[in-house]
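File shown: target.txt. Contents: compact mmCIF, C-alpha atoms and all ligand atoms.
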# COMPACT_ATOMS: atom_id res chain seq x y z
CA MET A 24 65.47 107.53 14.85
CA LYS A 25 67.10 110.78 15.89
CA ILE A 26 63.74 112.58 15.94
CA ARG A 27 62.21 109.78 17.93
CA ASN A 28 65.03 109.97 20.49
CA SER A 29 64.75 113.70 21.00
CA ALA A 30 60.96 113.39 21.24
CA LEU A 31 61.45 110.79 23.98
CA ALA A 32 64.02 113.03 25.61
CA GLY A 33 61.46 115.84 25.62
CA ILE A 34 59.02 113.58 27.43
CA ALA A 35 61.78 112.67 29.87
CA ILE A 36 62.43 116.33 30.72
CA ALA A 37 58.76 117.04 31.22
CA ALA A 38 58.42 114.00 33.44
CA THR A 39 61.50 114.87 35.46
CA ALA A 40 60.47 118.48 35.81
CA ALA A 41 57.07 117.36 37.06
CA LEU A 42 58.68 114.97 39.53
CA GLY A 43 60.99 117.75 40.67
CA LEU A 44 58.05 120.00 41.33
CA THR A 45 56.00 117.41 43.18
CA ALA A 46 59.04 116.46 45.24
CA CYS A 47 59.53 120.08 46.38
CA GLY A 48 57.49 119.43 49.50
CA GLY A 49 59.90 116.69 50.56
CA SER A 50 63.00 117.01 52.66
CA THR A 51 65.37 115.98 49.85
CA THR A 52 66.96 118.43 47.41
CA PRO A 53 64.80 118.23 44.29
CA ALA A 54 66.37 121.37 42.81
CA ALA A 55 69.57 119.45 42.16
CA THR A 56 67.68 116.72 40.30
CA GLY A 57 65.75 119.27 38.27
CA SER A 58 68.82 121.22 37.22
CA ALA A 59 70.93 118.10 36.59
CA SER A 60 68.40 116.68 34.16
CA GLY A 61 67.25 120.00 32.73
CA SER A 62 69.94 120.49 30.12
CA ALA A 63 70.62 116.76 29.81
CA GLY A 64 67.13 116.38 28.38
CA ALA A 65 67.77 118.82 25.55
CA VAL A 66 70.42 116.66 23.91
CA SER A 67 70.31 113.87 21.35
CA GLY A 68 72.45 111.67 19.13
CA GLU A 69 75.44 109.62 20.23
CA ILE A 70 78.66 109.99 22.19
CA THR A 71 81.75 107.85 22.66
CA VAL A 72 83.22 107.55 26.14
CA TYR A 73 86.83 106.46 26.60
CA ASN A 74 86.46 104.79 29.95
CA ALA A 75 89.26 103.96 32.37
CA GLN A 76 86.96 103.85 35.38
CA HIS A 77 85.74 100.45 36.54
CA GLU A 78 83.52 99.27 33.69
CA SER A 79 80.57 98.25 35.87
CA LEU A 80 80.34 101.71 37.47
CA THR A 81 80.43 103.58 34.17
CA GLN A 82 77.91 101.15 32.69
CA GLU A 83 75.48 102.09 35.47
CA TRP A 84 76.00 105.79 34.71
CA VAL A 85 75.59 105.20 30.98
CA ASP A 86 72.38 103.20 31.36
CA ALA A 87 70.80 105.86 33.59
CA PHE A 88 71.90 108.70 31.29
CA THR A 89 70.59 106.96 28.15
CA ALA A 90 67.29 106.19 29.89
CA GLU A 91 66.90 109.87 30.75
CA THR A 92 68.09 111.51 27.53
CA GLY A 93 67.92 108.91 24.75
CA VAL A 94 71.58 109.64 23.93
CA LYS A 95 73.34 106.48 22.78
CA VAL A 96 76.69 105.94 24.49
CA THR A 97 79.49 103.76 23.14
CA MET A 98 82.16 102.81 25.69
CA ARG A 99 85.77 101.96 24.95
CA GLN A 100 87.54 100.39 27.90
CA GLY A 101 91.19 100.70 28.94
CA ASP A 102 93.56 101.76 31.75
CA ASP A 103 94.12 105.39 32.75
CA THR A 104 97.36 106.07 30.88
CA GLU A 105 96.59 103.60 28.09
CA MET A 106 93.54 105.72 27.24
CA SER A 107 95.18 109.11 27.83
CA ASN A 108 98.08 108.11 25.54
CA GLN A 109 95.59 106.94 22.92
CA ILE A 110 93.67 110.24 23.05
CA ILE A 111 96.91 112.20 22.68
CA GLN A 112 98.06 110.01 19.81
CA GLU A 113 94.71 110.33 18.02
CA GLY A 114 94.73 114.10 18.48
CA GLN A 115 92.24 115.91 16.24
CA ALA A 116 91.00 112.60 14.85
CA SER A 117 90.02 111.11 18.23
CA PRO A 118 86.50 109.66 18.25
CA ALA A 119 86.34 110.26 22.01
CA ASP A 120 83.76 112.77 23.25
CA VAL A 121 84.28 112.10 26.95
CA PHE A 122 87.22 110.70 28.93
CA LEU A 123 86.69 109.14 32.37
CA THR A 124 89.50 107.88 34.58
CA GLU A 125 90.11 106.11 37.87
CA ASN A 126 92.71 108.71 38.93
CA SER A 127 93.76 112.29 38.19
CA PRO A 128 97.23 111.94 36.59
CA ALA A 129 95.89 110.73 33.23
CA MET A 130 93.42 113.65 33.18
CA ALA A 131 96.25 116.10 33.87
CA GLN A 132 98.17 114.53 30.98
CA VAL A 133 95.32 115.15 28.50
CA GLU A 134 94.78 118.63 29.94
CA ASN A 135 98.47 119.46 29.48
CA ALA A 136 98.21 118.34 25.86
CA GLY A 137 95.54 121.04 25.42
CA LEU A 138 92.83 118.59 24.37
CA PHE A 139 90.05 119.31 26.88
CA ALA A 140 87.24 121.83 26.42
CA ASP A 141 86.19 123.86 29.47
CA VAL A 142 83.72 122.02 31.68
CA ASP A 143 80.25 123.64 31.63
CA GLN A 144 79.77 126.03 34.53
CA ALA A 145 76.63 124.19 35.69
CA THR A 146 78.76 121.06 36.20
CA VAL A 147 81.57 122.96 37.91
CA ASP A 148 78.98 124.47 40.26
CA GLN A 149 77.87 121.08 41.56
CA VAL A 150 81.39 119.83 42.38
CA PRO A 151 83.15 121.22 45.51
CA SER A 152 86.47 122.87 44.66
CA GLN A 153 88.65 120.27 46.43
CA PHE A 154 87.40 117.62 43.99
CA ARG A 155 88.27 119.35 40.75
CA PRO A 156 91.35 121.02 39.27
CA SER A 157 91.60 124.79 39.64
CA THR A 158 91.67 125.04 35.81
CA ASN A 159 88.16 123.55 35.32
CA LYS A 160 89.36 121.70 32.23
CA TRP A 161 87.96 118.53 33.76
CA THR A 162 86.15 117.61 36.95
CA GLY A 163 86.18 115.04 39.71
CA ILE A 164 83.43 112.44 39.38
CA ALA A 165 84.18 110.14 42.35
CA ALA A 166 86.97 109.56 44.88
CA ARG A 167 88.89 106.70 46.47
CA SER A 168 90.99 106.56 49.60
CA THR A 169 94.40 105.01 50.06
CA VAL A 170 94.29 102.31 52.73
CA LEU A 171 96.60 99.73 54.28
CA VAL A 172 94.75 96.44 54.54
CA TYR A 173 96.42 94.16 57.06
CA ASP A 174 96.19 90.85 58.84
CA LYS A 175 95.42 91.43 62.52
CA SER A 176 96.92 88.12 63.52
CA LYS A 177 100.28 89.28 62.13
CA ILE A 178 100.36 92.98 63.07
CA SER A 179 99.04 94.29 66.39
CA GLU A 180 97.45 97.74 66.37
CA ASP A 181 100.36 99.39 68.18
CA LYS A 182 102.76 98.11 65.49
CA LEU A 183 100.87 99.72 62.60
CA PRO A 184 102.89 102.38 60.74
CA LYS A 185 102.09 105.98 61.74
CA SER A 186 102.85 107.13 58.19
CA MET A 187 102.95 105.52 54.77
CA LEU A 188 106.57 106.70 54.67
CA ASP A 189 107.38 104.20 57.47
CA LEU A 190 106.81 101.34 55.02
CA ALA A 191 110.23 102.17 53.54
CA LYS A 192 111.95 101.45 56.88
CA PRO A 193 113.92 98.19 57.35
CA GLU A 194 111.40 96.75 59.85
CA TRP A 195 108.87 96.50 57.03
CA LYS A 196 111.06 94.33 54.84
CA GLY A 197 109.04 91.59 53.13
CA LYS A 198 105.90 92.59 55.01
CA TRP A 199 103.79 94.56 52.58
CA ALA A 200 102.39 94.22 49.09
CA ALA A 201 101.48 96.61 46.28
CA SER A 202 100.63 96.63 42.59
CA PRO A 203 103.12 99.19 41.23
CA SER A 204 102.19 98.77 37.55
CA GLY A 205 98.61 99.93 38.19
CA ALA A 206 97.33 103.50 37.74
CA ASP A 207 95.87 103.38 41.26
CA PHE A 208 99.25 102.88 42.93
CA GLN A 209 100.97 105.35 40.63
CA ALA A 210 98.45 108.02 41.66
CA ILE A 211 99.48 107.47 45.29
CA VAL A 212 103.13 107.99 44.27
CA ALA A 213 102.11 111.12 42.31
CA ALA A 214 100.51 112.52 45.46
CA LEU A 215 103.64 111.71 47.48
CA LEU A 216 105.72 113.55 44.87
CA GLU A 217 103.43 116.58 45.01
CA LEU A 218 103.35 116.62 48.82
CA LYS A 219 106.96 115.76 49.73
CA GLY A 220 109.02 116.51 46.61
CA GLU A 221 111.34 114.50 44.40
CA THR A 222 114.12 113.56 46.83
CA ALA A 223 111.76 112.21 49.49
CA THR A 224 109.82 110.29 46.82
CA GLN A 225 112.99 108.76 45.37
CA GLU A 226 114.04 107.64 48.83
CA TRP A 227 110.65 106.16 49.61
CA LEU A 228 110.59 104.26 46.32
CA LYS A 229 114.07 102.90 47.05
CA GLY A 230 112.89 101.64 50.45
CA MET A 231 109.78 100.22 48.82
CA LYS A 232 111.88 98.28 46.32
CA ASP A 233 113.79 96.68 49.23
CA ASN A 234 110.70 95.93 51.29
CA TYR A 235 107.64 95.19 49.21
CA LYS A 236 106.20 92.15 47.46
CA SER A 237 104.84 92.78 43.98
CA TYR A 238 101.37 91.69 42.88
CA LYS A 239 99.44 92.48 39.74
CA GLY A 240 96.25 94.28 40.74
CA ASN A 241 94.90 95.58 44.04
CA SER A 242 92.50 92.65 44.48
CA THR A 243 95.37 90.19 44.08
CA ALA A 244 97.43 92.07 46.67
CA MET A 245 94.50 92.01 49.11
CA LYS A 246 93.93 88.29 48.46
CA ALA A 247 97.59 87.68 49.32
CA VAL A 248 97.09 89.34 52.72
CA ASN A 249 93.92 87.35 53.24
CA ALA A 250 95.74 84.11 52.42
CA GLY A 251 98.57 84.89 54.87
CA GLU A 252 101.23 85.33 52.14
CA VAL A 253 102.07 88.85 53.27
CA ASP A 254 101.11 90.96 56.32
CA ALA A 255 99.69 94.07 54.63
CA ALA A 256 98.94 95.73 51.28
CA LEU A 257 98.74 99.36 50.21
CA ILE A 258 95.63 99.63 48.02
CA TYR A 259 92.39 101.61 47.63
CA HIS A 260 89.53 101.20 50.06
CA TYR A 261 86.81 99.97 47.69
CA TYR A 262 88.51 96.65 46.97
CA TYR A 263 87.91 95.73 50.59
CA TYR A 264 84.30 96.98 50.80
CA GLY A 265 83.40 95.48 47.43
CA ASP A 266 84.58 92.05 48.54
CA GLN A 267 82.85 92.38 51.90
CA ALA A 268 79.58 93.20 50.12
CA LYS A 269 79.88 90.01 48.05
CA THR A 270 81.01 86.88 49.89
CA GLY A 271 83.88 88.39 51.85
CA GLU A 272 85.97 85.36 50.96
CA ASN A 273 88.96 87.42 49.83
CA SER A 274 88.89 89.83 52.75
CA LYS A 275 87.71 87.87 55.79
CA ASN A 276 91.17 87.95 57.44
CA VAL A 277 91.78 91.55 56.44
CA THR A 278 91.25 94.85 58.31
CA PRO A 279 91.43 98.29 56.68
CA TYR A 280 93.70 100.86 58.34
CA TYR A 281 93.56 104.55 57.43
CA PHE A 282 96.66 106.69 57.98
CA LYS A 283 94.65 109.94 58.43
CA ASN A 284 96.53 113.00 59.81
CA GLN A 285 97.08 114.51 56.31
CA ASP A 286 99.63 111.76 55.71
CA PRO A 287 100.56 111.01 52.08
CA GLY A 288 99.04 107.58 52.83
CA ALA A 289 95.70 109.29 53.50
CA PHE A 290 95.63 110.50 49.89
CA LEU A 291 92.12 110.71 48.47
CA SER A 292 92.42 110.13 44.73
CA VAL A 293 89.98 111.95 42.49
CA SER A 294 88.54 110.09 39.49
CA GLY A 295 88.13 112.48 36.59
CA GLY A 296 85.81 113.28 33.71
CA GLY A 297 86.38 115.67 30.82
CA VAL A 298 84.98 116.61 27.41
CA LEU A 299 87.35 116.61 24.44
CA LYS A 300 87.63 119.79 22.38
CA THR A 301 87.18 117.69 19.27
CA SER A 302 83.84 116.22 20.40
CA LYS A 303 81.31 116.16 17.57
CA ASN A 304 78.44 116.21 20.05
CA ALA A 305 79.71 118.54 22.77
CA ALA A 306 76.22 119.30 24.10
CA ALA A 307 75.56 115.62 24.86
CA ALA A 308 79.12 115.09 26.15
CA GLN A 309 78.76 118.02 28.58
CA ALA A 310 75.30 116.76 29.59
CA PHE A 311 76.79 113.35 30.41
CA LEU A 312 79.40 114.94 32.67
CA LYS A 313 76.71 117.04 34.31
CA PHE A 314 74.59 113.93 34.80
CA ILE A 315 77.27 111.82 36.50
CA THR A 316 78.22 114.67 38.86
CA GLY A 317 74.53 115.43 39.43
CA LYS A 318 72.29 113.93 42.07
CA LYS A 319 71.29 110.81 40.12
CA GLY A 320 74.84 110.08 39.00
CA GLN A 321 76.25 110.49 42.49
CA GLU A 322 73.50 108.30 43.94
CA VAL A 323 74.84 105.49 41.77
CA LEU A 324 77.99 105.77 43.93
CA LYS A 325 75.99 105.85 47.13
CA ASN A 326 73.65 102.96 46.37
CA GLY A 327 75.57 100.81 43.88
CA THR A 328 78.36 98.30 44.35
CA SER A 329 81.37 100.44 43.38
CA PHE A 330 81.97 101.63 46.99
CA GLU A 331 83.75 104.71 45.64
CA TYR A 332 83.06 107.99 47.38
CA ALA A 333 80.35 110.36 46.12
CA ILE A 334 81.83 113.85 45.95
CA ALA A 335 79.27 116.14 44.30
CA SER A 336 75.72 117.50 44.46
CA ASP A 337 75.61 117.05 48.25
CA VAL A 338 75.06 113.31 47.91
CA ALA A 339 76.33 111.32 50.90
CA SER A 340 78.60 108.34 50.30
CA ASN A 341 77.67 104.74 50.97
CA GLU A 342 77.05 104.43 54.71
CA LYS A 343 79.41 101.45 55.00
CA LEU A 344 82.38 103.73 54.25
CA VAL A 345 84.41 105.85 56.67
CA PRO A 346 83.07 109.36 55.93
CA ILE A 347 85.39 111.52 53.80
CA LYS A 348 85.70 114.12 56.57
CA GLU A 349 87.11 111.51 58.94
CA LEU A 350 89.81 110.44 56.49
CA GLN A 351 91.86 113.61 57.16
CA ALA A 352 93.23 113.48 53.63
CA PRO A 353 96.05 115.82 52.62
CA THR A 354 95.20 118.69 50.26
CA VAL A 355 96.42 117.99 46.73
CA ASP A 356 95.51 119.88 43.55
CA PRO A 357 94.58 117.02 41.22
CA ALA A 358 95.78 119.04 38.20
CA LYS A 359 99.34 118.94 39.56
CA LEU A 360 99.72 115.16 39.65
CA ASN A 361 102.47 114.26 37.21
CA SER A 362 102.24 110.74 35.77
CA GLN A 363 105.29 111.11 33.55
CA LYS A 364 107.63 112.01 36.40
CA VAL A 365 106.18 109.18 38.50
CA THR A 366 106.88 106.65 35.75
CA GLU A 367 110.46 107.98 35.47
CA LEU A 368 111.07 107.72 39.22
CA MET A 369 109.49 104.28 39.51
CA ASN A 370 111.51 103.04 36.55
CA ALA A 371 114.69 104.43 38.09
CA ALA A 372 113.86 102.63 41.36
CA GLY A 373 113.38 99.35 39.46
CA LEU A 374 109.68 99.14 40.30
CA LEU A 375 108.34 99.07 36.72
FE FE B 1 90.75 100.43 40.87
Show the structure stored in the file as structure tokens.
Ligand SMILES: [Fe+2]
Amino acid sequence: MKIRNSALAGIAIAATAALGLTACGGSTTPAATGSASGSAGAVSGEITVYNAQHESLTQEWVDAFTAETGVKVTMRQGDDTEMSNQIIQEGQASPADVFLTENSPAMAQVENAGLFADVDQATVDQVPSQFRPSTNKWTGIAARSTVLVYDKSKISEDKLPKSMLDLAKPEWKGKWAASPSGADFQAIVAALLELKGETATQEWLKGMKDNYKSYKGNSTAMKAVNAGEVDAALIYHYYYYGDQAKTGENSKNVTPYYFKNQDPGAFLSVSGGGVLKTSKNAAAAQAFLKFITGKKGQEVLKNGTSFEYAIASDVASNEKLVPIKELQAPTVDPAKLNSQKVTELMNAAGLL
């Protein structure tokens, strides 16, 4: 079966190379496709992906990668820190070849435990530096923007907060929702901590505790705004666009508001991918990472239903989204996001 797979993979490379060559006359960038699939085609066997990204998105990546290379991929699903803790606990015995997350803090945690191999240079080369840690122990694979979704009938435009920090002020008491137990929200707090320091973060969390309404999950928080239970919710952008692309029934009374202006509330969270040092099929694991950050992998973000931002290989994001450049996100090194400190601070504030 192994021989058959690599034979098929060989055919796949030849076919892709031929397509790359014939496409050279076009206005697209066939070189990226050729190089992304070039080394991916030389691999075989199986890999196991510990996946904390949305399952449907990773499944699309996996199906396309397997179709191109013949490599069989087994996915294990969990939350960001649930999976990072499991990898650390398993240590040398971990069956994981690749780890994918929704947000950076769990990647930084595994990096700090010394468990990641260096990312292949060819992969690093196709990801702009702002979307990967300076260490190159893992890489960004997609991105998501913080957004305040709100009910226009309750909040007029001139009353919108200038900064996410304003949500801790008394006038916002009882008016906004969040899902503090989720990795998405905790990444926003990690960015706040990195940008403004511990004292400011503690104060903001204290104000949040007084003001916010707790929901489990970003979709649930958005639904609450839509249903008129609460005026606004601090979530990620794709929950809104995903619902709009379906029936819109959970977002029809909701408008997204972007803080911009390098505000902590304009934080663009980088989803990560890394190869474990202990991988028994490092070539295929590295090829998978190269594939998802390559042209075909990034086009899954552009054309699929995840509505997350494409960040690599010069692939534009879905045209329904506010372009990344217009988000005016603050600069944050994703390797510096500290999930442990965030959990401590949120616990101390009574939010977890
Ligand atoms: Fe999410």
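Proximal residues of ligand FE 1 (chain B) are Gln76, His77, Glu125, Ala206, Asp207, Asn241, Tyr259, Tyr261 and Tyr262 of chain A, by a cut-off of 8 Å on only C-alpha atoms and all ligand atoms.
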With all atoms listed in the file as the atoms that count, which of A:Leu228, A:Val345, A:Ala166, A:Val338 lies nearest to A:Ala371? A:Leu228
Leaving out A:Leu190 and any residue of its chain fewer than 5 positions from it, which residues lie within 9 Å of it when counting all atoms listed in the file, given as a ChimeraX atom specification? /A:184,195-196,198-199,227,230-231,234-235
Might you pull out every residue within 8 Å of A:Ile347, with all atoms listed in the file counted and same-chain residues fewer than 3 positions away left off, and present them as a tab-separated table (two decimals) with C-alpha atoms, keeping the file's coordinate frame?
chain	number	residue	atom	x	y	z
A	332	TYR	CA	83.06	107.99	47.38
A	350	LEU	CA	89.81	110.44	56.49
A	351	GLN	CA	91.86	113.61	57.16
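Separating atom CA of A:Leu80 from atom CA of A:Ala250 is a distance of 27.8 Å.
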